[in-house]
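*Asks:* Can you read through this structure? Questions will come right after.
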Amino acid sequence: NAGVTQTPKFQVLKTGQSMTLQCAQDMNHEYMSWYRQDPGMGLRLIHYSVGAGITDQGEVPNGYNVSRSTTEDFPLRLLSAAPSQTSVYFCASRSWGEGSRNYGYTFGSGTRLTVV
Amino acid sequence: EDKVVQSPLSLVVHEGDTVTLNCSYEVTNFRSLLWYKQEKKAPTFLFMLTSSGIEKKSGRLSSILDKKELFSILNITATQTGDSAVYLCAVGNTDKLIFGTGTRLQVFP
């Protein structure tokens, strides 16, 4: 009963460091996405993917890279961390396609990132 | 530009009160509207609405969608302190899920 697994749960980075937030799902969902949540801002979409080898930008993509080499994994890379990237990051997945009747999303438990 | 607007931003009530949370949207290629409850961690799913006028209920919570007027409401009757949370409305289209900023509900005994 894993669902969507995010690691790490907490991370502190220094400005300029790089790191990768991991997201894995075991539901064979084609669609995966990354959101960040800041106080008073709701959740904002960073990047998303509709299948292996396909990624696209969301609302706030700058400073982040993604790749999708497998259906299960969708890592988010911070190339050079900045204090403005201090946030809580959520990964979410769902099934995809015209035949899909399930538009409900499954969320990971989140990664709290602090950049100092 | 796609947007989802929730109101009020914040609500303080006493146990036993009934509350109505509002969500309006302008989103291209609408597929579904979802309500989530968020306490200190990840959002937890409450309802998914795809058709107008059909009320969904779960215990003291209910929700309805109006696709003509582009809004949804979430009702909570006989509120309890455990209902205290941020309630998020999100609209899904073919590509993504667009969130509102949420309504923070505080229920006092």
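Here, A, B, ... name the chains of the structure tokens in the order displayed, residue numbers run from 1 inside each chain, and ligands are numbered from 1 in the same displayed order.
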What are the residues of chain A that have an atom within 7 Å of an atom of chain B, counting only C-alpha atoms, as an MDAnalysis selection string?
*Replies:* chainID A and resid 40:43 103:104 107:110
*Asks:* Which residues are close to Trp34 (chain A), i.e. within 6 Å by only C-alpha atoms, leaving aside same-chain residues fewer than 4 positions away? Reply as a PDB file with N, CA, C and O atoms, in the first residue's frame.
*Replies:*
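Produced file around13.pdb, reproduced below:
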```
ATOM      1  N   ILE A  46       4.992  22.925 -10.643  1.00  0.00           N
ATOM      2  CA  ILE A  46       6.354  23.194 -11.087  1.00  0.00           C
ATOM      3  C   ILE A  46       6.595  22.539 -12.452  1.00  0.00           C
ATOM      4  O   ILE A  46       6.906  23.199 -13.441  1.00  0.00           O
ATOM      5  N   HIS A  47       6.499  21.218 -12.496  1.00  0.00           N
ATOM      6  CA  HIS A  47       6.644  20.448 -13.736  1.00  0.00           C
ATOM      7  C   HIS A  47       5.693  19.266 -13.683  1.00  0.00           C
ATOM      8  O   HIS A  47       5.292  18.832 -12.600  1.00  0.00           O
ATOM      9  N   PHE A  90       5.368  18.813  -2.954  1.00  0.00           N
ATOM     10  CA  PHE A  90       4.520  17.638  -3.052  1.00  0.00           C
ATOM     11  C   PHE A  90       4.599  17.052  -4.450  1.00  0.00           C
ATOM     12  O   PHE A  90       4.569  17.771  -5.451  1.00  0.00           O
ATOM     13  N   CYS A  91       4.673  15.744  -4.487  1.00  0.00           N
ATOM     14  CA  CYS A  91       4.567  15.000  -5.727  1.00  0.00           C
ATOM     15  C   CYS A  91       3.162  14.399  -5.792  1.00  0.00           C
ATOM     16  O   CYS A  91       2.620  13.969  -4.763  1.00  0.00           O
TER      17      CYS A  91
END
```
*Asks:* Which residues, written as a list in words, have at least one atom at most 8 Å from Gln22 (chain A), with only C-alpha atoms counted and residues fewer than 2 positions away on the same chain left out?
*Replies:*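 Everything that qualifies: Thr5, Gln6, Thr7, Pro8, Thr20, Ala24, Asp73, Phe74, Pro75 and Leu76 of chain A.
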*Asks:* Pick out each residue of chain B that DSSP on the backbone tags as strand (DSSP E); I need them as an NGL selection string.
*Replies:* :B and (3-7 or 10-14 or 19-26 or 32-38 or 44-49 or 56-58 or 61-66 or 71-76 or 85-92 or 97-99 or 103-108)
*Asks:* Would you mind listing what lies within 6 Å of Tyr89 (chain A) as a PDB file with all heavy atoms, in the first residue's frame, with only C-alpha atoms counted and same-chain residues fewer than 2 positions away left out?
*Replies:*
```pdb
ATOM      1  N   TYR A  35       4.529  19.905  -7.144  1.00  0.00           N
ATOM      2  CA  TYR A  35       3.979  21.165  -6.693  1.00  0.00           C
ATOM      3  C   TYR A  35       4.851  21.701  -5.566  1.00  0.00           C
ATOM      4  O   TYR A  35       5.469  20.943  -4.832  1.00  0.00           O
ATOM      5  CB  TYR A  35       2.560  20.989  -6.134  1.00  0.00           C
ATOM      6  CG  TYR A  35       1.519  20.675  -7.166  1.00  0.00           C
ATOM      7  CD1 TYR A  35       1.305  19.370  -7.590  1.00  0.00           C
ATOM      8  CD2 TYR A  35       0.743  21.687  -7.723  1.00  0.00           C
ATOM      9  CE1 TYR A  35       0.341  19.086  -8.540  1.00  0.00           C
ATOM     10  CE2 TYR A  35      -0.211  21.412  -8.676  1.00  0.00           C
ATOM     11  CZ  TYR A  35      -0.410  20.106  -9.076  1.00  0.00           C
ATOM     12  OH  TYR A  35      -1.354  19.830 -10.021  1.00  0.00           O
ATOM     13  N   ARG A  36       4.819  23.007  -5.419  1.00  0.00           N
ATOM     14  CA  ARG A  36       5.371  23.613  -4.216  1.00  0.00           C
ATOM     15  C   ARG A  36       4.254  24.362  -3.508  1.00  0.00           C
ATOM     16  O   ARG A  36       3.340  24.904  -4.151  1.00  0.00           O
ATOM     17  CB  ARG A  36       6.550  24.538  -4.517  1.00  0.00           C
ATOM     18  CG  ARG A  36       6.277  25.704  -5.405  1.00  0.00           C
ATOM     19  CD  ARG A  36       7.534  26.585  -5.568  1.00  0.00           C
ATOM     20  NE  ARG A  36       7.813  27.340  -4.341  1.00  0.00           N
ATOM     21  CZ  ARG A  36       8.906  28.077  -4.160  1.00  0.00           C
ATOM     22  NH1 ARG A  36       9.825  28.170  -5.109  1.00  0.00           N
ATOM     23  NH2 ARG A  36       9.094  28.734  -3.030  1.00  0.00           N
ATOM     24  N   GLY A 110       5.096  14.761   1.149  1.00  0.00           N
ATOM     25  CA  GLY A 110       5.737  16.065   1.119  1.00  0.00           C
ATOM     26  C   GLY A 110       7.190  16.044   1.563  1.00  0.00           C
ATOM     27  O   GLY A 110       7.613  15.187   2.334  1.00  0.00           O
ATOM     28  N   THR A 111       7.945  17.022   1.057  1.00  0.00           N
ATOM     29  CA  THR A 111       9.330  17.266   1.469  1.00  0.00           C
ATOM     30  C   THR A 111       9.418  18.721   1.886  1.00  0.00           C
ATOM     31  O   THR A 111       9.107  19.614   1.109  1.00  0.00           O
ATOM     32  CB  THR A 111      10.315  17.015   0.312  1.00  0.00           C
ATOM     33  OG1 THR A 111      10.276  15.638  -0.060  1.00  0.00           O
ATOM     34  CG2 THR A 111      11.730  17.407   0.716  1.00  0.00           C
TER      35      THR A 111
END
```
*Asks:* Compile the contact shell of Glu30 (chain A) as a ChimeraX atom specification: residues with an atom at most 12 Å away, counting only C-alpha atoms, same-chain residues fewer than 3 positions apart removed.
*Replies:* /A:24-27,33,48-55,68-74,92-97,100,102-103,105 /B:95
*Asks:* Let me see the file: selected residues, N, CA and C atoms, as a compact mmCIF listing (two decimals), in the first residue's frame.
*Replies:*
```
# COMPACT_ATOMS: atom_id res chain seq x y z
N ALA A 24 8.40 8.42 -6.17
CA ALA A 24 8.14 7.13 -6.80
C ALA A 24 6.70 6.71 -6.51
N GLN A 25 6.05 6.12 -7.54
CA GLN A 25 4.69 5.61 -7.34
C GLN A 25 4.60 4.20 -7.90
N ASP A 26 3.75 3.41 -7.24
CA ASP A 26 3.62 2.00 -7.62
C ASP A 26 2.23 1.68 -8.13
N MET A 27 1.53 2.69 -8.66
CA MET A 27 0.16 2.50 -9.12
C MET A 27 0.07 2.47 -10.65
N SER A 33 3.45 14.71 -11.23
CA SER A 33 3.65 16.16 -11.17
C SER A 33 4.32 16.56 -9.87
N TYR A 48 5.39 18.74 -14.85
CA TYR A 48 4.57 17.54 -14.89
C TYR A 48 4.99 16.65 -16.05
N SER A 49 4.52 15.41 -16.01
CA SER A 49 4.88 14.43 -17.03
C SER A 49 3.67 13.54 -17.29
N VAL A 50 3.39 13.29 -18.57
CA VAL A 50 2.26 12.43 -18.92
C VAL A 50 2.72 11.03 -19.33
N GLY A 51 4.00 10.77 -19.16
CA GLY A 51 4.51 9.43 -19.44
C GLY A 51 6.01 9.45 -19.53
N ALA A 52 6.61 8.27 -19.54
CA ALA A 52 8.06 8.16 -19.61
C ALA A 52 8.58 8.89 -20.84
N GLY A 53 9.60 9.70 -20.64
CA GLY A 53 10.21 10.45 -21.73
C GLY A 53 9.53 11.76 -22.07
N ILE A 54 8.43 12.09 -21.39
CA ILE A 54 7.67 13.30 -21.70
C ILE A 54 7.55 14.16 -20.45
N THR A 55 8.03 15.40 -20.52
CA THR A 55 7.87 16.33 -19.41
C THR A 55 7.44 17.68 -19.95
N ARG A 68 11.94 11.92 -16.79
CA ARG A 68 11.04 10.78 -16.54
C ARG A 68 11.53 9.61 -17.39
N SER A 69 12.46 8.87 -16.81
CA SER A 69 13.02 7.74 -17.55
C SER A 69 12.21 6.47 -17.35
N THR A 70 11.42 6.40 -16.28
CA THR A 70 10.56 5.24 -16.03
C THR A 70 9.17 5.74 -15.65
N THR A 71 8.20 4.86 -15.74
CA THR A 71 6.84 5.22 -15.31
C THR A 71 6.78 5.49 -13.81
N GLU A 72 7.61 4.79 -13.04
CA GLU A 72 7.50 4.84 -11.58
C GLU A 72 8.11 6.08 -10.94
N ASP A 73 9.15 6.63 -11.56
CA ASP A 73 9.95 7.66 -10.89
C ASP A 73 9.90 9.01 -11.59
N PHE A 74 9.87 10.06 -10.78
CA PHE A 74 9.83 11.42 -11.34
C PHE A 74 10.62 12.34 -10.40
N ALA A 92 2.56 14.39 -6.98
CA ALA A 92 1.22 13.83 -7.13
C ALA A 92 1.14 13.06 -8.43
N SER A 93 0.33 12.01 -8.44
CA SER A 93 0.18 11.22 -9.66
C SER A 93 -1.28 10.85 -9.88
N ARG A 94 -1.59 10.53 -11.12
CA ARG A 94 -2.92 10.00 -11.44
C ARG A 94 -2.84 9.21 -12.73
N SER A 95 -3.88 8.46 -13.00
CA SER A 95 -3.94 7.77 -14.28
C SER A 95 -4.26 8.79 -15.36
N TRP A 96 -4.01 8.42 -16.60
CA TRP A 96 -4.01 9.42 -17.69
C TRP A 96 -4.62 8.81 -18.94
N GLY A 97 -5.09 9.66 -19.83
CA GLY A 97 -5.53 9.18 -21.13
C GLY A 97 -7.02 9.38 -21.32
N SER A 100 -9.29 7.18 -19.47
CA SER A 100 -9.22 7.18 -18.02
C SER A 100 -10.42 7.90 -17.43
N ASN A 102 -10.56 8.26 -14.14
CA ASN A 102 -10.13 8.66 -12.81
C ASN A 102 -9.31 9.93 -12.90
N TYR A 103 -9.91 11.04 -12.51
CA TYR A 103 -9.16 12.28 -12.49
C TYR A 103 -8.72 12.65 -11.09
N TYR A 105 -6.25 12.62 -7.92
CA TYR A 105 -4.81 12.60 -7.75
C TYR A 105 -4.44 11.98 -6.41
N ASP B 95 -4.41 18.67 -18.71
CA ASP B 95 -2.97 18.69 -18.44
C ASP B 95 -2.60 18.72 -16.98
```
*Asks:* For a test of reading the model, state the distance in Å between CA of Leu105 (chain B) and CA of Tyr87 (chain B), rounded to one decimal.
*Replies:*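 Interatomic distance here is 7.4 Å.
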*Asks:* Find the distance between CA of Pro8 (chain B) and CA of Thr106 (chain A) and write it in Å to one decimal.
*Replies:*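 Distance reported for this atom pair: 26.0 Å.
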*Asks:* Using only C-alpha atoms, which protein or nucleic acid residues come within 12 Å of Gly63 (chain A)? Drop anything in the same chain fewer than 2 positions from it, and give the result as a list in words.
*Replies:* Gly16, Gln17, Ser18, Met19, Ile46, His47, Gln57, Val60, Pro61, Asn65, Val66, Leu76, Arg77, Leu78, Leu79, Ser80, Ala81, Ala82, Pro83, Ser84 and Gln85 of chain A
*Asks:* Restricting the output to all heavy atoms, write the selected residues as a compact mmCIF listing (two decimals), in the first residue's frame.
*Replies:*
```txt
# COMPACT_ATOMS: atom_id res chain seq x y z
N GLY A 16 23.19 27.73 -3.28
CA GLY A 16 24.12 27.29 -4.30
C GLY A 16 24.28 25.78 -4.40
O GLY A 16 24.77 25.28 -5.41
N GLN A 17 23.87 25.06 -3.36
CA GLN A 17 23.96 23.60 -3.43
C GLN A 17 22.90 23.05 -4.37
O GLN A 17 21.87 23.69 -4.61
CB GLN A 17 23.78 22.99 -2.04
CG GLN A 17 24.98 23.15 -1.13
CD GLN A 17 24.79 22.43 0.20
OE1 GLN A 17 23.74 22.51 0.84
NE2 GLN A 17 25.83 21.70 0.60
N SER A 18 23.17 21.84 -4.84
CA SER A 18 22.17 21.16 -5.68
C SER A 18 21.69 19.92 -4.95
O SER A 18 22.37 19.40 -4.07
CB SER A 18 22.78 20.77 -7.02
OG SER A 18 23.84 19.85 -6.82
N MET A 19 20.49 19.49 -5.30
CA MET A 19 19.97 18.25 -4.74
C MET A 19 18.81 17.76 -5.58
O MET A 19 18.29 18.49 -6.43
CB MET A 19 19.52 18.43 -3.29
CG MET A 19 18.15 19.04 -3.12
SD MET A 19 17.41 18.67 -1.51
CE MET A 19 17.16 16.90 -1.61
N ILE A 46 4.99 22.93 -10.64
CA ILE A 46 6.35 23.19 -11.09
C ILE A 46 6.59 22.54 -12.45
O ILE A 46 6.91 23.20 -13.44
CB ILE A 46 7.38 22.67 -10.07
CG1 ILE A 46 7.12 23.25 -8.68
CG2 ILE A 46 8.81 23.03 -10.51
CD1 ILE A 46 7.95 22.62 -7.58
N HIS A 47 6.50 21.22 -12.50
CA HIS A 47 6.64 20.45 -13.74
C HIS A 47 5.69 19.27 -13.68
O HIS A 47 5.29 18.83 -12.60
CB HIS A 47 8.07 19.90 -13.88
CG HIS A 47 9.10 20.90 -14.27
ND1 HIS A 47 9.23 21.42 -15.54
CD2 HIS A 47 10.09 21.46 -13.53
CE1 HIS A 47 10.24 22.27 -15.57
NE2 HIS A 47 10.78 22.32 -14.38
N GLN A 57 6.52 22.04 -18.57
CA GLN A 57 6.62 23.01 -17.50
C GLN A 57 5.25 23.38 -16.96
O GLN A 57 4.25 23.42 -17.69
CB GLN A 57 7.30 24.29 -18.02
CG GLN A 57 8.72 24.07 -18.42
CD GLN A 57 9.37 25.36 -18.90
OE1 GLN A 57 8.70 26.36 -19.11
NE2 GLN A 57 10.68 25.33 -19.06
N VAL A 60 5.56 27.44 -12.26
CA VAL A 60 6.77 28.01 -11.65
C VAL A 60 7.97 27.08 -11.90
O VAL A 60 8.54 26.53 -10.95
CB VAL A 60 6.57 28.28 -10.14
CG1 VAL A 60 5.67 29.47 -9.92
CG2 VAL A 60 6.02 27.04 -9.42
N PRO A 61 8.43 26.91 -13.14
CA PRO A 61 9.46 25.92 -13.43
C PRO A 61 10.90 26.38 -13.22
O PRO A 61 11.81 25.55 -13.16
CB PRO A 61 9.23 25.64 -14.92
CG PRO A 61 8.73 26.96 -15.45
CD PRO A 61 7.89 27.55 -14.34
N ASN A 65 14.69 21.20 -12.56
CA ASN A 65 14.71 20.31 -13.72
C ASN A 65 14.04 19.00 -13.36
O ASN A 65 14.10 18.56 -12.19
CB ASN A 65 16.15 20.00 -14.14
CG ASN A 65 16.67 21.00 -15.14
OD1 ASN A 65 16.00 21.96 -15.49
ND2 ASN A 65 17.90 20.78 -15.60
N VAL A 66 13.44 18.36 -14.36
CA VAL A 66 12.86 17.04 -14.15
C VAL A 66 13.23 16.15 -15.32
O VAL A 66 13.62 16.61 -16.40
CB VAL A 66 11.32 17.08 -14.02
CG1 VAL A 66 10.88 17.77 -12.74
CG2 VAL A 66 10.70 17.75 -15.24
N LEU A 76 12.85 15.48 -8.97
CA LEU A 76 12.91 16.94 -9.16
C LEU A 76 14.28 17.41 -8.72
O LEU A 76 14.69 17.19 -7.58
CB LEU A 76 11.83 17.62 -8.30
CG LEU A 76 11.79 19.15 -8.35
CD1 LEU A 76 11.25 19.62 -9.70
CD2 LEU A 76 10.94 19.71 -7.22
N ARG A 77 14.98 18.09 -9.61
CA ARG A 77 16.35 18.53 -9.32
C ARG A 77 16.38 20.04 -9.13
O ARG A 77 15.85 20.79 -9.96
CB ARG A 77 17.30 18.15 -10.46
CG ARG A 77 17.44 16.66 -10.63
CD ARG A 77 18.45 16.29 -11.70
NE ARG A 77 18.42 14.86 -11.98
CZ ARG A 77 17.54 14.28 -12.81
NH1 ARG A 77 16.67 15.01 -13.45
NH2 ARG A 77 17.57 12.99 -12.97
N LEU A 78 17.02 20.45 -8.03
CA LEU A 78 17.33 21.86 -7.82
C LEU A 78 18.78 22.05 -8.23
O LEU A 78 19.67 21.43 -7.65
CB LEU A 78 17.14 22.25 -6.35
CG LEU A 78 15.71 22.52 -5.90
CD1 LEU A 78 14.91 21.22 -5.84
CD2 LEU A 78 15.71 23.22 -4.56
N LEU A 79 19.02 22.89 -9.20
CA LEU A 79 20.35 23.00 -9.79
C LEU A 79 21.29 23.83 -8.91
O LEU A 79 22.46 23.49 -8.73
CB LEU A 79 20.24 23.62 -11.18
CG LEU A 79 19.24 22.91 -12.10
CD1 LEU A 79 19.05 23.69 -13.38
CD2 LEU A 79 19.73 21.49 -12.39
N SER A 80 20.78 24.92 -8.38
CA SER A 80 21.56 25.81 -7.53
C SER A 80 20.57 26.45 -6.56
O SER A 80 19.92 27.44 -6.90
CB SER A 80 22.27 26.88 -8.37
OG SER A 80 22.98 27.78 -7.53
N ALA A 81 20.45 25.87 -5.38
CA ALA A 81 19.38 26.25 -4.46
C ALA A 81 19.46 27.72 -4.06
O ALA A 81 20.56 28.27 -3.84
CB ALA A 81 19.41 25.36 -3.23
N ALA A 82 18.29 28.33 -3.94
CA ALA A 82 18.17 29.72 -3.51
C ALA A 82 17.17 29.79 -2.36
O ALA A 82 16.26 28.95 -2.28
CB ALA A 82 17.69 30.59 -4.67
N PRO A 83 17.31 30.79 -1.48
CA PRO A 83 16.37 30.91 -0.35
C PRO A 83 14.91 30.98 -0.81
O PRO A 83 14.02 30.52 -0.09
CB PRO A 83 16.81 32.20 0.33
CG PRO A 83 18.27 32.29 0.04
CD PRO A 83 18.43 31.75 -1.35
N SER A 84 14.65 31.50 -2.03
CA SER A 84 13.28 31.58 -2.54
C SER A 84 12.69 30.20 -2.82
O SER A 84 11.47 30.08 -3.05
CB SER A 84 13.25 32.40 -3.83
OG SER A 84 14.06 31.80 -4.82
N GLN A 85 13.53 29.16 -2.81
CA GLN A 85 13.04 27.81 -3.03
C GLN A 85 12.70 27.09 -1.73
O GLN A 85 12.31 25.92 -1.75
CB GLN A 85 14.05 26.99 -3.84
CG GLN A 85 14.21 27.52 -5.26
CD GLN A 85 15.25 26.77 -6.06
OE1 GLN A 85 16.42 26.66 -5.66
NE2 GLN A 85 14.84 26.25 -7.20
```
*Asks:* Report as a list of chain:residue names all protein, DNA and RNA residues lying within 7 Å of Val5 (chain B), evaluated on only C-alpha atoms, omitting residues in the same chain fewer than 4 positions from it.
*Replies:*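 What passes the distance filter is B:Cys23, B:Ser24, B:Tyr25, B:Gly100.
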*Asks:* Let's have the selection written as a PDB file, in the first residue's frame, with N, CA, C and O atoms.
*Replies:*
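New file result_15.pdb:
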```
ATOM      1  N   CYS B  23     -15.892  28.079  -4.100  1.00  0.00           N
ATOM      2  CA  CYS B  23     -14.809  27.917  -5.062  1.00  0.00           C
ATOM      3  C   CYS B  23     -15.331  28.290  -6.440  1.00  0.00           C
ATOM      4  O   CYS B  23     -16.291  27.683  -6.919  1.00  0.00           O
ATOM      5  N   SER B  24     -14.732  29.294  -7.066  1.00  0.00           N
ATOM      6  CA  SER B  24     -15.090  29.639  -8.441  1.00  0.00           C
ATOM      7  C   SER B  24     -13.872  29.410  -9.329  1.00  0.00           C
ATOM      8  O   SER B  24     -12.739  29.465  -8.857  1.00  0.00           O
ATOM      9  N   TYR B  25     -14.106  29.184 -10.595  1.00  0.00           N
ATOM     10  CA  TYR B  25     -12.977  28.836 -11.453  1.00  0.00           C
ATOM     11  C   TYR B  25     -13.175  29.331 -12.879  1.00  0.00           C
ATOM     12  O   TYR B  25     -14.286  29.533 -13.341  1.00  0.00           O
ATOM     13  N   GLY B 100      -6.722  26.520  -5.822  1.00  0.00           N
ATOM     14  CA  GLY B 100      -6.970  27.791  -5.179  1.00  0.00           C
ATOM     15  C   GLY B 100      -6.042  27.931  -3.975  1.00  0.00           C
ATOM     16  O   GLY B 100      -5.290  27.008  -3.640  1.00  0.00           O
TER      17      GLY B 100
END
```
*Asks:* Measure the distance from CA of Gln6 (chain B) to CA of Tyr36 (chain B) in Å and round it to one decimal.
*Replies:*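 About the pair CA of Gln6 (chain B) and CA of Tyr36 (chain B): they are 12.5 Å apart.
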*Asks:* Could you check which of B:Ser10, B:Ser52, B:Gln38, B:Ser63 is closest to Ala85 (chain B), using only C-alpha atoms?
*Replies:*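 Answer, going by the shortest atom-to-atom distance: B:Gln38.
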